[in-house]
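K.L.:
Have a look at this one before I ask anything.
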Amino acid sequence: MSAISRQPSSIVLFGPPGAGKGTQAGKISQLTGKPQVSTGDMLREAVKHNTSLGKEAKEYMEAGLLVPDSIIIDLISERMKESDASGGVLFDGFPRTIAQAEELSLIANVSLVIMIQVPDEDIVERIVGRRMDPETGEIYHINFNPAPAHIESRLIQRKDDTEDTVRSRLNAYHEQTKPLSEWYGIFSDKTTMSIITVDGSGTIEQVAKAIESELGGL
Ligand code: ADP
Ligand code: ADP
């Protein structure tokens, strides 16, 4: 793990919507020293501030569709110019298409892909019950990770966290994102990049431990 943190290389956190990427990212960031770069968070910020990029992305996000590659690639290219990205970053929710991964390979050195696997049956319940604290960005779940009572009233539910939209997002995952796991498999055979696969269906603590132990074994 210390070897990872010393290299100017990046990590990709990969998995379906609701897999627990955002939940686990903080811990992985701490362990590796890499700042979390979440395209979902960046897009939500752009929508909130009504920027031209936000206006363009909004309708895709609300429909549960992927935002076009060109928008995402521009967003990431700009983010990678910031000084905190010089030692590599932890990508959360990016890349989500083979085209994005190909572009990424031109601008960053990905040394590790962490794949969190969760069956579709669990995804809807996780997403529909997800709540976010707008003050801290902390992610909670009404059953699996309840927020402390004193902050409950300020929690928000994402607009795209409805049952209908989750179905479209899962569809987008299977059609456009899942094929990327195979692409990375082939890529890792040709390079020194590692892939670790983690069962994401346990509790949040169990998944965190599994990731930590896999990182320790690298
Ligand atoms: P992603 O970033 O992959 O979309 P999140 O980290 O936001 O996923 O998690 C989705 C929802 O599931 C959140 O409400 C979170 O609290 C909950 N969650 C995350 N990991 C687990 C887990 N291992 N078991 C049960 N619920 C989880
Ligand atoms: P989750 O992992 O819970 O599905 P995110 O917060 O990562 O959610 O993404 C929310 C939405 O933002 C996606 O449904 C999609 O519309 C858009 N989005 C985020 N990252 C990407 C990406 N890399 N490529 C295309 N669209 C993206």
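Numbering starts fresh at 1 for the residues of each chain in the structure tokens, the chains themselves are lettered A, B, ... in the order given, and ligands are numbered from 1 as they appear.
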Check every protein, DNA and RNA residue against ligand 1, keep those with an atom at most 10 Å away (counting only C-alpha atoms and all ligand atoms), and present them as a JSON list (two decimals) with all heavy atoms, in the first residue's frame.
P.N.:
```
[["chain", "number", "residue", "atom", "x", "y", "z"],
["A", 13, "LEU", "N", -12.05, 3.40, -8.66],
["A", 13, "LEU", "CA", -13.03, 2.68, -7.84],
["A", 13, "LEU", "C", -14.21, 2.39, -8.75],
["A", 13, "LEU", "O", -14.87, 3.33, -9.24],
["A", 13, "LEU", "CB", -13.41, 3.60, -6.68],
["A", 13, "LEU", "CG", -14.15, 3.05, -5.47],
["A", 13, "LEU", "CD1", -13.51, 1.79, -4.95],
["A", 13, "LEU", "CD2", -14.16, 4.13, -4.38],
["A", 14, "PHE", "N", -14.46, 1.10, -8.98],
["A", 14, "PHE", "CA", -15.41, 0.70, -10.02],
["A", 14, "PHE", "C", -16.53, -0.13, -9.41],
["A", 14, "PHE", "O", -16.31, -0.97, -8.55],
["A", 14, "PHE", "CB", -14.62, -0.15, -11.04],
["A", 14, "PHE", "CG", -15.41, -0.61, -12.23],
["A", 14, "PHE", "CD1", -15.47, 0.16, -13.38],
["A", 14, "PHE", "CD2", -16.09, -1.82, -12.22],
["A", 14, "PHE", "CE1", -16.18, -0.27, -14.49],
["A", 14, "PHE", "CE2", -16.81, -2.25, -13.32],
["A", 14, "PHE", "CZ", -16.86, -1.48, -14.46],
["A", 15, "GLY", "N", -17.75, 0.11, -9.87],
["A", 15, "GLY", "CA", -18.88, -0.71, -9.39],
["A", 15, "GLY", "C", -20.18, -0.12, -9.84],
["A", 15, "GLY", "O", -20.25, 1.03, -10.28],
["A", 16, "PRO", "N", -21.27, -0.88, -9.69],
["A", 16, "PRO", "CA", -22.58, -0.37, -10.11],
["A", 16, "PRO", "C", -23.03, 0.78, -9.23],
["A", 16, "PRO", "O", -22.47, 1.00, -8.15],
["A", 16, "PRO", "CB", -23.50, -1.59, -9.92],
["A", 16, "PRO", "CG", -22.80, -2.46, -8.93],
["A", 16, "PRO", "CD", -21.34, -2.24, -9.14],
["A", 17, "PRO", "N", -24.06, 1.52, -9.67],
["A", 17, "PRO", "CA", -24.61, 2.56, -8.79],
["A", 17, "PRO", "C", -25.05, 1.93, -7.47],
["A", 17, "PRO", "O", -25.62, 0.84, -7.47],
["A", 17, "PRO", "CB", -25.83, 3.08, -9.58],
["A", 17, "PRO", "CG", -26.12, 2.08, -10.64],
["A", 17, "PRO", "CD", -24.82, 1.38, -10.92],
["A", 18, "GLY", "N", -24.73, 2.58, -6.39],
["A", 18, "GLY", "CA", -25.13, 2.06, -5.08],
["A", 18, "GLY", "C", -24.22, 0.97, -4.53],
["A", 18, "GLY", "O", -24.49, 0.40, -3.47],
["A", 19, "ALA", "N", -23.10, 0.69, -5.20],
["A", 19, "ALA", "CA", -22.20, -0.38, -4.75],
["A", 19, "ALA", "C", -21.52, -0.04, -3.43],
["A", 19, "ALA", "O", -21.06, -0.92, -2.70],
["A", 19, "ALA", "CB", -21.14, -0.64, -5.81],
["A", 20, "GLY", "N", -21.44, 1.27, -3.13],
["A", 20, "GLY", "CA", -20.72, 1.69, -1.93],
["A", 20, "GLY", "C", -19.43, 2.41, -2.26],
["A", 20, "GLY", "O", -18.55, 2.56, -1.39],
["A", 21, "LYS", "N", -19.29, 2.89, -3.48],
["A", 21, "LYS", "CA", -18.05, 3.55, -3.89],
["A", 21, "LYS", "C", -17.81, 4.80, -3.05],
["A", 21, "LYS", "O", -16.74, 4.99, -2.47],
["A", 21, "LYS", "CB", -18.10, 3.94, -5.39],
["A", 21, "LYS", "CG", -18.31, 2.73, -6.32],
["A", 21, "LYS", "CD", -18.29, 3.11, -7.79],
["A", 21, "LYS", "CE", -19.43, 4.02, -8.22],
["A", 21, "LYS", "NZ", -20.78, 3.42, -8.12],
["A", 22, "GLY", "N", -18.82, 5.67, -2.99],
["A", 22, "GLY", "CA", -18.69, 6.91, -2.21],
["A", 22, "GLY", "C", -18.46, 6.62, -0.74],
["A", 22, "GLY", "O", -17.66, 7.29, -0.08],
["A", 23, "THR", "N", -19.15, 5.61, -0.23],
["A", 23, "THR", "CA", -19.04, 5.24, 1.19],
["A", 23, "THR", "C", -17.62, 4.79, 1.52],
["A", 23, "THR", "O", -17.08, 5.13, 2.57],
["A", 23, "THR", "CB", -20.05, 4.12, 1.51],
["A", 23, "THR", "OG1", -21.37, 4.62, 1.24],
["A", 23, "THR", "CG2", -19.95, 3.65, 2.94],
["A", 24, "GLN", "N", -17.00, 4.03, 0.64],
["A", 24, "GLN", "CA", -15.67, 3.48, 0.91],
["A", 24, "GLN", "C", -14.55, 4.45, 0.51],
["A", 24, "GLN", "O", -13.41, 4.30, 0.95],
["A", 24, "GLN", "CB", -15.47, 2.15, 0.15],
["A", 24, "GLN", "CG", -16.47, 1.06, 0.52],
["A", 24, "GLN", "CD", -16.38, 0.60, 1.98],
["A", 24, "GLN", "OE1", -15.33, 0.78, 2.63],
["A", 24, "GLN", "NE2", -17.45, 0.03, 2.51],
["A", 25, "ALA", "N", -14.88, 5.44, -0.31],
["A", 25, "ALA", "CA", -13.82, 6.29, -0.88],
["A", 25, "ALA", "C", -13.02, 7.04, 0.19],
["A", 25, "ALA", "O", -11.80, 7.17, 0.07],
["A", 25, "ALA", "CB", -14.41, 7.28, -1.87],
["A", 26, "GLY", "N", -13.70, 7.52, 1.24],
["A", 26, "GLY", "CA", -13.01, 8.30, 2.26],
["A", 26, "GLY", "C", -11.89, 7.51, 2.91],
["A", 26, "GLY", "O", -10.75, 8.00, 3.07],
["A", 38, "SER", "N", -14.79, 12.50, -7.64],
["A", 38, "SER", "CA", -16.07, 11.89, -7.99],
["A", 38, "SER", "C", -16.74, 12.71, -9.08],
["A", 38, "SER", "O", -17.10, 13.87, -8.85],
["A", 38, "SER", "CB", -16.96, 11.83, -6.73],
["A", 38, "SER", "OG", -18.31, 11.76, -7.10],
["A", 40, "GLY", "N", -19.66, 12.22, -10.24],
["A", 40, "GLY", "CA", -21.04, 12.48, -9.82],
["A", 40, "GLY", "C", -21.12, 13.73, -8.96],
["A", 40, "GLY", "O", -21.96, 14.61, -9.19],
["A", 41, "ASP", "N", -20.22, 13.87, -7.97],
["A", 41, "ASP", "CA", -20.21, 15.06, -7.10],
["A", 41, "ASP", "C", -19.91, 16.32, -7.92],
["A", 41, "ASP", "O", -20.51, 17.37, -7.71],
["A", 41, "ASP", "CB", -19.14, 14.93, -6.00],
["A", 41, "ASP", "CG", -19.54, 13.92, -4.92],
["A", 41, "ASP", "OD1", -20.72, 13.52, -4.89],
["A", 41, "ASP", "OD2", -18.66, 13.53, -4.11],
["A", 92, "ASP", "N", -13.74, 8.06, -8.45],
["A", 92, "ASP", "CA", -14.97, 7.41, -7.95],
["A", 92, "ASP", "C", -16.08, 7.68, -8.98],
["A", 92, "ASP", "O", -16.46, 8.83, -9.17],
["A", 92, "ASP", "CB", -15.29, 8.03, -6.58],
["A", 92, "ASP", "CG", -16.71, 7.80, -6.11],
["A", 92, "ASP", "OD1", -17.45, 7.04, -6.75],
["A", 92, "ASP", "OD2", -17.09, 8.41, -5.09],
["A", 93, "GLY", "N", -16.53, 6.63, -9.65],
["A", 93, "GLY", "CA", -17.58, 6.80, -10.65],
["A", 93, "GLY", "C", -17.06, 7.23, -12.01],
["A", 93, "GLY", "O", -17.83, 7.65, -12.87],
["A", 116, "ILE", "N", -15.94, -3.19, -6.84],
["A", 116, "ILE", "CA", -16.87, -3.58, -5.77],
["A", 116, "ILE", "C", -18.07, -4.25, -6.43],
["A", 116, "ILE", "O", -18.75, -3.62, -7.25],
["A", 116, "ILE", "CB", -17.32, -2.36, -4.93],
["A", 116, "ILE", "CG1", -16.12, -1.57, -4.42],
["A", 116, "ILE", "CG2", -18.20, -2.82, -3.78],
["A", 116, "ILE", "CD1", -16.47, -0.40, -3.49],
["A", 117, "GLN", "N", -18.29, -5.51, -6.07],
["A", 117, "GLN", "CA", -19.39, -6.26, -6.71],
["A", 117, "GLN", "C", -20.60, -6.37, -5.78],
["A", 117, "GLN", "O", -20.47, -6.80, -4.64],
["A", 117, "GLN", "CB", -18.91, -7.66, -7.07],
["A", 117, "GLN", "CG", -17.85, -7.61, -8.16],
["A", 117, "GLN", "CD", -17.38, -8.98, -8.59],
["A", 117, "GLN", "OE1", -17.32, -9.91, -7.77],
["A", 117, "GLN", "NE2", -17.02, -9.12, -9.84],
["A", 118, "VAL", "N", -21.74, -5.96, -6.30],
["A", 118, "VAL", "CA", -23.00, -6.06, -5.53],
["A", 118, "VAL", "C", -24.09, -6.53, -6.50],
["A", 118, "VAL", "O", -24.21, -5.98, -7.60],
["A", 118, "VAL", "CB", -23.40, -4.69, -4.92],
["A", 118, "VAL", "CG1", -24.74, -4.77, -4.22],
["A", 118, "VAL", "CG2", -22.34, -4.20, -3.94],
["A", 122, "ASP", "N", -29.79, -6.05, -4.65],
["A", 122, "ASP", "CA", -29.52, -5.19, -3.48],
["A", 122, "ASP", "C", -29.50, -3.70, -3.84],
["A", 122, "ASP", "O", -29.60, -2.84, -2.97],
["A", 122, "ASP", "CB", -28.15, -5.54, -2.86],
["A", 122, "ASP", "CG", -28.13, -6.95, -2.31],
["A", 122, "ASP", "OD1", -29.21, -7.57, -2.23],
["A", 122, "ASP", "OD2", -27.03, -7.43, -1.96],
["A", 123, "ILE", "N", -29.31, -3.42, -5.13],
["A", 123, "ILE", "CA", -29.02, -2.04, -5.54],
["A", 123, "ILE", "C", -30.21, -1.09, -5.30],
["A", 123, "ILE", "O", -30.04, 0.00, -4.77],
["A", 123, "ILE", "CB", -28.61, -2.00, -7.04],
["A", 123, "ILE", "CG1", -27.32, -2.78, -7.27],
["A", 123, "ILE", "CG2", -28.51, -0.58, -7.55],
["A", 123, "ILE", "CD1", -26.08, -2.21, -6.65],
["A", 124, "VAL", "N", -31.41, -1.54, -5.68],
["A", 124, "VAL", "CA", -32.56, -0.65, -5.59],
["A", 124, "VAL", "C", -32.78, -0.21, -4.14],
["A", 124, "VAL", "O", -32.92, 0.99, -3.86],
["A", 124, "VAL", "CB", -33.84, -1.32, -6.17],
["A", 124, "VAL", "CG1", -35.03, -0.41, -6.01],
["A", 124, "VAL", "CG2", -33.62, -1.68, -7.64],
["A", 125, "GLU", "N", -32.75, -1.16, -3.22],
["A", 125, "GLU", "CA", -32.97, -0.82, -1.80],
["A", 125, "GLU", "C", -31.89, 0.14, -1.30],
["A", 125, "GLU", "O", -32.18, 1.10, -0.57],
["A", 125, "GLU", "CB", -32.97, -2.11, -0.97],
["A", 125, "GLU", "CG", -33.41, -1.88, 0.46],
["A", 125, "GLU", "CD", -33.37, -3.15, 1.30],
["A", 125, "GLU", "OE1", -32.83, -4.18, 0.85],
["A", 125, "GLU", "OE2", -33.87, -3.08, 2.45],
["A", 126, "ARG", "N", -30.66, -0.10, -1.71],
["A", 126, "ARG", "CA", -29.57, 0.79, -1.27],
["A", 126, "ARG", "C", -29.79, 2.21, -1.78],
["A", 126, "ARG", "O", -29.61, 3.18, -1.05],
["A", 126, "ARG", "CB", -28.23, 0.28, -1.81],
["A", 126, "ARG", "CG", -27.71, -0.88, -1.00],
["A", 126, "ARG", "CD", -26.24, -1.03, -1.25],
["A", 126, "ARG", "NE", -25.73, -2.24, -0.65],
["A", 126, "ARG", "CZ", -24.46, -2.59, -0.67],
["A", 126, "ARG", "NH1", -23.59, -1.83, -1.28],
["A", 126, "ARG", "NH2", -24.07, -3.69, -0.09],
["A", 127, "ILE", "N", -30.17, 2.31, -3.05],
["A", 127, "ILE", "CA", -30.27, 3.66, -3.65],
["A", 127, "ILE", "C", -31.49, 4.41, -3.17],
["A", 127, "ILE", "O", -31.42, 5.60, -2.86],
["A", 127, "ILE", "CB", -30.21, 3.54, -5.19],
["A", 127, "ILE", "CG1", -28.79, 3.11, -5.54],
["A", 127, "ILE", "CG2", -30.63, 4.84, -5.85],
["A", 127, "ILE", "CD1", -28.27, 3.52, -6.84],
["A", 128, "VAL", "N", -32.61, 3.72, -3.08],
["A", 128, "VAL", "CA", -33.84, 4.40, -2.68],
["A", 128, "VAL", "C", -33.73, 4.87, -1.21],
["A", 128, "VAL", "O", -34.30, 5.90, -0.83],
["A", 128, "VAL", "CB", -35.07, 3.50, -2.95],
["A", 128, "VAL", "CG1", -36.33, 4.10, -2.37],
["A", 128, "VAL", "CG2", -35.23, 3.28, -4.45],
["A", 129, "GLY", "N", -32.95, 4.16, -0.41],
["A", 129, "GLY", "CA", -32.81, 4.53, 1.01],
["A", 129, "GLY", "C", -31.62, 5.45, 1.29],
["A", 129, "GLY", "O", -31.34, 5.79, 2.44],
["A", 130, "ARG", "N", -30.92, 5.86, 0.22],
["A", 130, "ARG", "CA", -29.73, 6.70, 0.42],
["A", 130, "ARG", "C", -30.14, 8.13, 0.80],
["A", 130, "ARG", "O", -31.05, 8.70, 0.24],
["A", 130, "ARG", "CB", -28.89, 6.73, -0.86],
["A", 130, "ARG", "CG", -27.78, 7.78, -0.82],
["A", 130, "ARG", "CD", -26.71, 7.54, -1.86],
["A", 130, "ARG", "NE", -27.19, 7.45, -3.20],
["A", 130, "ARG", "CZ", -26.45, 7.04, -4.24],
["A", 130, "ARG", "NH1", -25.19, 6.66, -4.04],
["A", 130, "ARG", "NH2", -26.96, 6.98, -5.45],
["A", 131, "ARG", "N", -29.43, 8.70, 1.75],
["A", 131, "ARG", "CA", -29.64, 10.10, 2.14],
["A", 131, "ARG", "C", -28.27, 10.75, 2.26],
["A", 131, "ARG", "O", -27.28, 10.07, 2.58],
["A", 131, "ARG", "CB", -30.35, 10.21, 3.50],
["A", 131, "ARG", "CG", -31.75, 9.59, 3.55],
["A", 131, "ARG", "CD", -32.78, 10.36, 2.70],
["A", 131, "ARG", "NE", -34.10, 9.76, 2.81],
["A", 131, "ARG", "CZ", -34.55, 8.78, 2.04],
["A", 131, "ARG", "NH1", -33.78, 8.27, 1.09],
["A", 131, "ARG", "NH2", -35.76, 8.29, 2.21],
["A", 132, "MET", "N", -28.22, 12.06, 2.00],
["A", 132, "MET", "CA", -26.94, 12.75, 2.08],
["A", 132, "MET", "C", -27.03, 13.95, 3.00],
["A", 132, "MET", "O", -28.04, 14.66, 3.01],
["A", 132, "MET", "CB", -26.53, 13.19, 0.69],
["A", 132, "MET", "CG", -25.02, 13.30, 0.56],
["A", 132, "MET", "SD", -24.57, 14.44, -0.72],
["A", 132, "MET", "CE", -25.05, 13.55, -2.17],
["A", 138, "GLU", "N", -21.54, 13.68, 3.86],
["A", 138, "GLU", "CA", -21.58, 12.30, 4.39],
["A", 138, "GLU", "C", -22.79, 11.54, 3.82],
["A", 138, "GLU", "O", -23.87, 12.10, 3.66],
["A", 138, "GLU", "CB", -21.71, 12.39, 5.92],
["A", 138, "GLU", "CG", -21.39, 11.13, 6.69],
["A", 138, "GLU", "CD", -19.91, 10.75, 6.64],
["A", 138, "GLU", "OE1", -19.03, 11.64, 6.64],
["A", 138, "GLU", "OE2", -19.66, 9.54, 6.60],
["A", 139, "ILE", "N", -22.57, 10.25, 3.50],
["A", 139, "ILE", "CA", -23.66, 9.44, 2.92],
["A", 139, "ILE", "C", -24.22, 8.51, 4.00],
["A", 139, "ILE", "O", -23.47, 7.83, 4.71],
["A", 139, "ILE", "CB", -23.12, 8.56, 1.76],
["A", 139, "ILE", "CG1", -22.45, 9.42, 0.70],
["A", 139, "ILE", "CG2", -24.24, 7.74, 1.14],
["A", 139, "ILE", "CD1", -21.53, 8.64, -0.21],
["A", 140, "TYR", "N", -25.55, 8.48, 4.09],
["A", 140, "TYR", "CA", -26.23, 7.60, 5.05],
["A", 140, "TYR", "C", -27.22, 6.71, 4.33],
["A", 140, "TYR", "O", -27.48, 6.88, 3.14],
["A", 140, "TYR", "CB", -26.97, 8.46, 6.10],
["A", 140, "TYR", "CG", -26.04, 9.27, 6.97],
["A", 140, "TYR", "CD1", -25.80, 10.61, 6.68],
["A", 140, "TYR", "CD2", -25.38, 8.68, 8.04],
["A", 140, "TYR", "CE1", -24.94, 11.36, 7.47],
["A", 140, "TYR", "CE2", -24.51, 9.42, 8.83],
["A", 140, "TYR", "CZ", -24.29, 10.76, 8.55],
["A", 140, "TYR", "OH", -23.43, 11.49, 9.32],
["A", 141, "HIS", "N", -27.79, 5.78, 5.09],
["A", 141, "HIS", "CA", -28.88, 4.95, 4.56],
["A", 141, "HIS", "C", -29.93, 4.80, 5.66],
["A", 141, "HIS", "O", -29.57, 4.61, 6.82],
["A", 141, "HIS", "CB", -28.35, 3.58, 4.13],
["A", 141, "HIS", "CG", -29.37, 2.79, 3.37],
["A", 141, "HIS", "ND1", -30.39, 2.10, 3.99],
["A", 141, "HIS", "CD2", -29.55, 2.62, 2.04],
["A", 141, "HIS", "CE1", -31.14, 1.53, 3.07],
["A", 141, "HIS", "NE2", -30.65, 1.82, 1.88],
["A", 142, "ILE", "N", -31.19, 4.89, 5.26],
["A", 142, "ILE", "CA", -32.25, 4.87, 6.29],
["A", 142, "ILE", "C", -32.21, 3.61, 7.14],
["A", 142, "ILE", "O", -32.54, 3.67, 8.32],
["A", 142, "ILE", "CB", -33.67, 5.09, 5.68],
["A", 142, "ILE", "CG1", -33.91, 4.12, 4.52],
["A", 142, "ILE", "CG2", -33.84, 6.53, 5.20],
["A", 142, "ILE", "CD1", -35.36, 4.11, 4.03],
["A", 143, "ASN", "N", -31.80, 2.47, 6.56],
["A", 143, "ASN", "CA", -31.72, 1.23, 7.35],
["A", 143, "ASN", "C", -30.29, 0.79, 7.64],
["A", 143, "ASN", "O", -29.99, 0.34, 8.75],
["A", 143, "ASN", "CB", -32.40, 0.07, 6.61],
["A", 143, "ASN", "CG", -33.85, 0.36, 6.33],
["A", 143, "ASN", "OD1", -34.55, 0.92, 7.18],
["A", 143, "ASN", "ND2", -34.32, 0.01, 5.14],
["A", 144, "PHE", "N", -29.40, 0.89, 6.64],
["A", 144, "PHE", "CA", -28.08, 0.27, 6.78],
["A", 144, "PHE", "C", -27.04, 1.17, 7.41],
["A", 144, "PHE", "O", -26.00, 0.69, 7.87],
["A", 144, "PHE", "CB", -27.58, -0.20, 5.40],
["A", 144, "PHE", "CG", -28.54, -1.11, 4.69],
["A", 144, "PHE", "CD1", -28.87, -0.91, 3.36],
["A", 144, "PHE", "CD2", -29.11, -2.19, 5.36],
["A", 144, "PHE", "CE1", -29.77, -1.75, 2.71],
["A", 144, "PHE", "CE2", -30.00, -3.04, 4.72],
["A", 144, "PHE", "CZ", -30.34, -2.81, 3.39],
["A", 145, "ASN", "N", -27.30, 2.48, 7.41],
["A", 145, "ASN", "CA", -26.32, 3.39, 8.00],
["A", 145, "ASN", "C", -27.06, 4.66, 8.42],
["A", 145, "ASN", "O", -26.89, 5.73, 7.83],
["A", 145, "ASN", "CB", -25.21, 3.70, 6.98],
["A", 145, "ASN", "CG", -24.10, 4.54, 7.57],
["A", 145, "ASN", "OD1", -23.90, 4.57, 8.80],
["A", 145, "ASN", "ND2", -23.39, 5.26, 6.72],
["A", 146, "PRO", "N", -27.93, 4.54, 9.44],
["A", 146, "PRO", "CA", -28.77, 5.69, 9.81],
["A", 146, "PRO", "C", -27.95, 6.86, 10.35],
["A", 146, "PRO", "O", -26.93, 6.66, 11.02],
["A", 146, "PRO", "CB", -29.69, 5.13, 10.88],
["A", 146, "PRO", "CG", -29.39, 3.68, 11.02],
["A", 146, "PRO", "CD", -28.13, 3.37, 10.28],
["A", 147, "ALA", "N", -28.40, 8.06, 10.02],
["A", 147, "ALA", "CA", -27.73, 9.27, 10.49],
["A", 147, "ALA", "C", -28.09, 9.51, 11.96],
["A", 147, "ALA", "O", -29.14, 9.07, 12.41],
["A", 147, "ALA", "CB", -28.20, 10.45, 9.65],
["A", 157, "GLN", "N", -32.42, 13.78, -0.17],
["A", 157, "GLN", "CA", -32.43, 12.60, -1.04],
["A", 157, "GLN", "C", -32.13, 13.09, -2.45],
["A", 157, "GLN", "O", -32.74, 14.07, -2.90],
["A", 157, "GLN", "CB", -33.80, 11.93, -1.00],
["A", 157, "GLN", "CG", -33.87, 10.69, -1.86],
["A", 157, "GLN", "CD", -35.14, 9.88, -1.66],
["A", 157, "GLN", "OE1", -36.15, 10.41, -1.16],
["A", 157, "GLN", "NE2", -35.12, 8.62, -2.04],
["A", 161, "ASP", "N", -32.44, 9.37, -7.14],
["A", 161, "ASP", "CA", -32.49, 8.17, -6.31],
["A", 161, "ASP", "C", -33.92, 7.61, -6.17],
["A", 161, "ASP", "O", -34.36, 7.25, -5.07],
["A", 161, "ASP", "CB", -31.86, 8.42, -4.93],
["A", 161, "ASP", "CG", -30.33, 8.30, -4.97],
["A", 161, "ASP", "OD1", -29.80, 7.87, -6.02],
["A", 161, "ASP", "OD2", -29.68, 8.60, -3.96],
["A", 199, "ASP", "N", -16.11, -8.29, -2.57],
["A", 199, "ASP", "CA", -17.54, -8.56, -2.42],
["A", 199, "ASP", "C", -18.16, -7.40, -1.63],
["A", 199, "ASP", "O", -17.85, -7.20, -0.47],
["A", 199, "ASP", "CB", -17.71, -9.89, -1.67],
["A", 199, "ASP", "CG", -19.17, -10.19, -1.35],
["A", 199, "ASP", "OD1", -20.07, -9.46, -1.85],
["A", 199, "ASP", "OD2", -19.42, -11.16, -0.60],
["A", 200, "GLY", "N", -19.02, -6.64, -2.32],
["A", 200, "GLY", "CA", -19.59, -5.45, -1.69],
["A", 200, "GLY", "C", -20.92, -5.71, -1.01],
["A", 200, "GLY", "O", -21.60, -4.77, -0.61],
["A", 201, "SER", "N", -21.30, -6.99, -0.88],
["A", 201, "SER", "CA", -22.64, -7.26, -0.35],
["A", 201, "SER", "C", -22.66, -7.42, 1.17],
["A", 201, "SER", "O", -23.73, -7.53, 1.76],
["A", 201, "SER", "CB", -23.26, -8.48, -1.03],
["A", 201, "SER", "OG", -22.46, -9.60, -0.80],
["A", 202, "GLY", "N", -21.50, -7.40, 1.82],
["A", 202, "GLY", "CA", -21.47, -7.44, 3.28],
["A", 202, "GLY", "C", -21.80, -6.08, 3.88],
["A", 202, "GLY", "O", -22.24, -5.17, 3.16],
["A", 203, "THR", "N", -21.59, -5.95, 5.18],
["A", 203, "THR", "CA", -21.84, -4.65, 5.82],
["A", 203, "THR", "C", -20.76, -3.65, 5.37],
["A", 203, "THR", "O", -19.72, -4.04, 4.82],
["A", 203, "THR", "CB", -21.77, -4.75, 7.35],
["A", 203, "THR", "OG1", -20.43, -5.11, 7.71],
["A", 203, "THR", "CG2", -22.75, -5.78, 7.91],
["A", 204, "ILE", "N", -21.01, -2.37, 5.65],
["A", 204, "ILE", "CA", -20.04, -1.32, 5.29],
["A", 204, "ILE", "C", -18.67, -1.63, 5.91],
["A", 204, "ILE", "O", -17.63, -1.52, 5.25],
["A", 204, "ILE", "CB", -20.57, 0.06, 5.73],
["A", 204, "ILE", "CG1", -21.80, 0.42, 4.90],
["A", 204, "ILE", "CG2", -19.48, 1.14, 5.64],
["A", 204, "ILE", "CD1", -22.53, 1.69, 5.32],
["A", 205, "GLU", "N", -18.67, -2.07, 7.18],
["A", 205, "GLU", "CA", -17.41, -2.37, 7.88],
["A", 205, "GLU", "C", -16.71, -3.57, 7.23],
["A", 205, "GLU", "O", -15.49, -3.58, 7.07],
["A", 205, "GLU", "CB", -17.65, -2.66, 9.36],
["A", 205, "GLU", "CG", -18.10, -1.46, 10.19],
["A", 205, "GLU", "CD", -19.53, -1.00, 9.87],
["A", 205, "GLU", "OE1", -20.37, -1.85, 9.45],
["A", 205, "GLU", "OE2", -19.79, 0.21, 9.99],
["A", 206, "GLN", "N", -17.51, -4.61, 6.88],
["A", 206, "GLN", "CA", -16.90, -5.80, 6.26],
["A", 206, "GLN", "C", -16.25, -5.45, 4.92],
["A", 206, "GLN", "O", -15.15, -5.91, 4.62],
["A", 206, "GLN", "CB", -17.97, -6.89, 6.04],
["A", 206, "GLN", "CG", -18.35, -7.63, 7.32],
["A", 206, "GLN", "CD", -19.59, -8.50, 7.13],
["A", 206, "GLN", "OE1", -20.41, -8.27, 6.23],
["A", 206, "GLN", "NE2", -19.75, -9.48, 8.00],
["A", 207, "VAL", "N", -16.93, -4.61, 4.14],
["A", 207, "VAL", "CA", -16.38, -4.23, 2.84],
["A", 207, "VAL", "C", -15.10, -3.40, 3.05],
["A", 207, "VAL", "O", -14.09, -3.62, 2.37],
["A", 207, "VAL", "CB", -17.42, -3.45, 1.99],
["A", 207, "VAL", "CG1", -16.83, -3.02, 0.66],
["A", 207, "VAL", "CG2", -18.69, -4.29, 1.78],
["A", 208, "ALA", "N", -15.14, -2.48, 4.02],
["A", 208, "ALA", "CA", -13.96, -1.65, 4.30],
["A", 208, "ALA", "C", -12.76, -2.53, 4.68],
["A", 208, "ALA", "O", -11.64, -2.32, 4.20],
["A", 208, "ALA", "CB", -14.26, -0.66, 5.42]]
```
K.L.:
With ligand 2 as the partner and 6 Å as the cut-off, tabulate the residues of chain A that qualify, each row holding the nearest pair of atoms and their distance in Å to one decimal, using only C-alpha atoms and all ligand atoms, sorted by chain and rising number, as CSV.
P.N.:
```
residue,atom,partner,partner_atom_place_in_ligand_line,distance
A:Pro17,CA,ligand 2,4 (O),3.6
A:Gly18,CA,ligand 2,3 (O),4.9
A:Thr39,CA,ligand 2,20 (N),4.4
A:Gly40,CA,ligand 2,6 (O),3.4
A:Asp41,CA,ligand 2,6 (O),5.8
A:Tyr60,CA,ligand 2,16 (O),5.4
A:Met61,CA,ligand 2,16 (O),3.5
A:Gly64,CA,ligand 2,14 (O),4.8
A:Leu65,CA,ligand 2,16 (O),4.9
A:Leu66,CA,ligand 2,26 (N),3.7
A:Val67,CA,ligand 2,26 (N),3.9
A:Ile72,CA,ligand 2,24 (N),5.8
A:Gly93,CA,ligand 2,7 (O),4.4
A:Phe94,CA,ligand 2,23 (N),4.0
A:Pro95,CA,ligand 2,23 (N),4.9
A:Arg96,CA,ligand 2,23 (N),4.7
A:Arg169,CA,ligand 2,14 (O),5.7
```
K.L.:
From a backbone DSSP assignment, name each residue in chain A labelled strand (DSSP E), as a PyMOL selection string.
P.N.:
chain A and resi 10-14+36-38+90-92+110-117+130-132+139-141+194-199
K.L.:
Could you state the separation of atom CA of Ala85 of chain A and atom CA of Pro68 of chain A in Å, given to one decimal place?
P.N.:
23.3 Å
